[in-house]
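Q: Okay, here's the structure, questions in a sec.
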Amino acid sequence: MRQLVVLGLVLVLAGIVLEGAAAAGECGRASADRVALRLAPCISAADDPQSTPTSSCCSAVHTIGQSPSCLCAVMLSGTARAAGIKPEVAITIPKRCNMADRPVGYKCGGTYYTLP
């Protein structure tokens, strides 16, 4: 069921992205909602802080995590909220992916997250 919700969000956001003009933001020229779609393989890892993320999830997180402000924007995006993603769980994925170059912590949406 959750995959159907994510698929529906993908289709809705694809229409929004096609209508909107691209402007530079936290994630460069792509909107945080559009970048959030790349984290679809992370749905189960974002729900369960004890689960092991898939390699495709880790690859996406590594790419997006190169910009902590983009990662923050993605975690707080409408797409992430609609998918039920909890930022406090999602922020643990870089560690669970064994990312050596992950940020130690940063302020995101008024909350300081420490990446364990």
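Residue numbers start at 1 in each chain; chains themselves are named A, B, ... in the order of the structure tokens; ligands are numbered from 1 in the order shown.
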Excluding range 86-93 of chain A and residues on its chain fewer than 2 positions from it, collect all residues at most 6 Å away from it, counting only C-alpha atoms, and give them as a PDB file with N, CA and C atoms, in the first residue's frame.

A:
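And here's selection_7.pdb as it stands now:
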```pdb
ATOM      1  N   ALA A  46      13.610   4.305   6.690  1.00  0.00           N
ATOM      2  CA  ALA A  46      13.132   5.535   7.317  1.00  0.00           C
ATOM      3  C   ALA A  46      12.030   5.257   8.336  1.00  0.00           C
ATOM      4  N   PRO A  49      14.395   2.358  12.660  1.00  0.00           N
ATOM      5  CA  PRO A  49      15.793   2.732  12.899  1.00  0.00           C
ATOM      6  C   PRO A  49      16.718   1.534  13.103  1.00  0.00           C
ATOM      7  N   MET A  75      14.351  15.863   3.836  1.00  0.00           N
ATOM      8  CA  MET A  75      13.705  15.233   4.989  1.00  0.00           C
ATOM      9  C   MET A  75      12.464  15.990   5.433  1.00  0.00           C
ATOM     10  N   LYS A  95      24.498   6.827   8.955  1.00  0.00           N
ATOM     11  CA  LYS A  95      25.322   5.986   9.825  1.00  0.00           C
ATOM     12  C   LYS A  95      25.064   4.515   9.533  1.00  0.00           C
ATOM     13  N   ARG A  96      23.797   4.165   9.352  1.00  0.00           N
ATOM     14  CA  ARG A  96      23.461   2.765   9.076  1.00  0.00           C
ATOM     15  C   ARG A  96      23.999   2.318   7.721  1.00  0.00           C
TER      16      ARG A  96
END
```

Q: What is the CA of Ser77 in chain A-CA of His62 in chain A distance in Å, reported with one decimal?

A: 18.1 Å

Q: Tell me, as a list in words, which residues lie within 12 Å of Gly28 in chain A, counting only C-alpha atoms; anything in the same chain fewer than 5 positions away does not count.

A: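 So, after excluding close chain neighbours, the residues are Ala22, Ala23, Arg34, Val35, Ile64, Gln66, Ser67, Ser69, Cys70, Leu71 and Ala73 of chain A.
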
Q: Using only C-alpha atoms, which residue out of A:Ile85, A:Cys42, A:Ala32, A:Cys27 lies closest to Ser55 in chain A?

A: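 Of A:Ile85, A:Cys42, A:Ala32, A:Cys27, the one nearest Ser55 in chain A is A:Cys42, counting only C-alpha atoms.
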
Q: Give me, please, the distance in Å between CA of Arg29 in chain A and CA of Thr54 in chain A, quoted to one decimal.

A: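 Here the two named atoms are 26.9 Å from each other.
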
Q: One decimal, Å: what's the distance from CA of Asp33 in chain A over to CA of Ser59 in chain A, could you say?

A: 18.1 Å
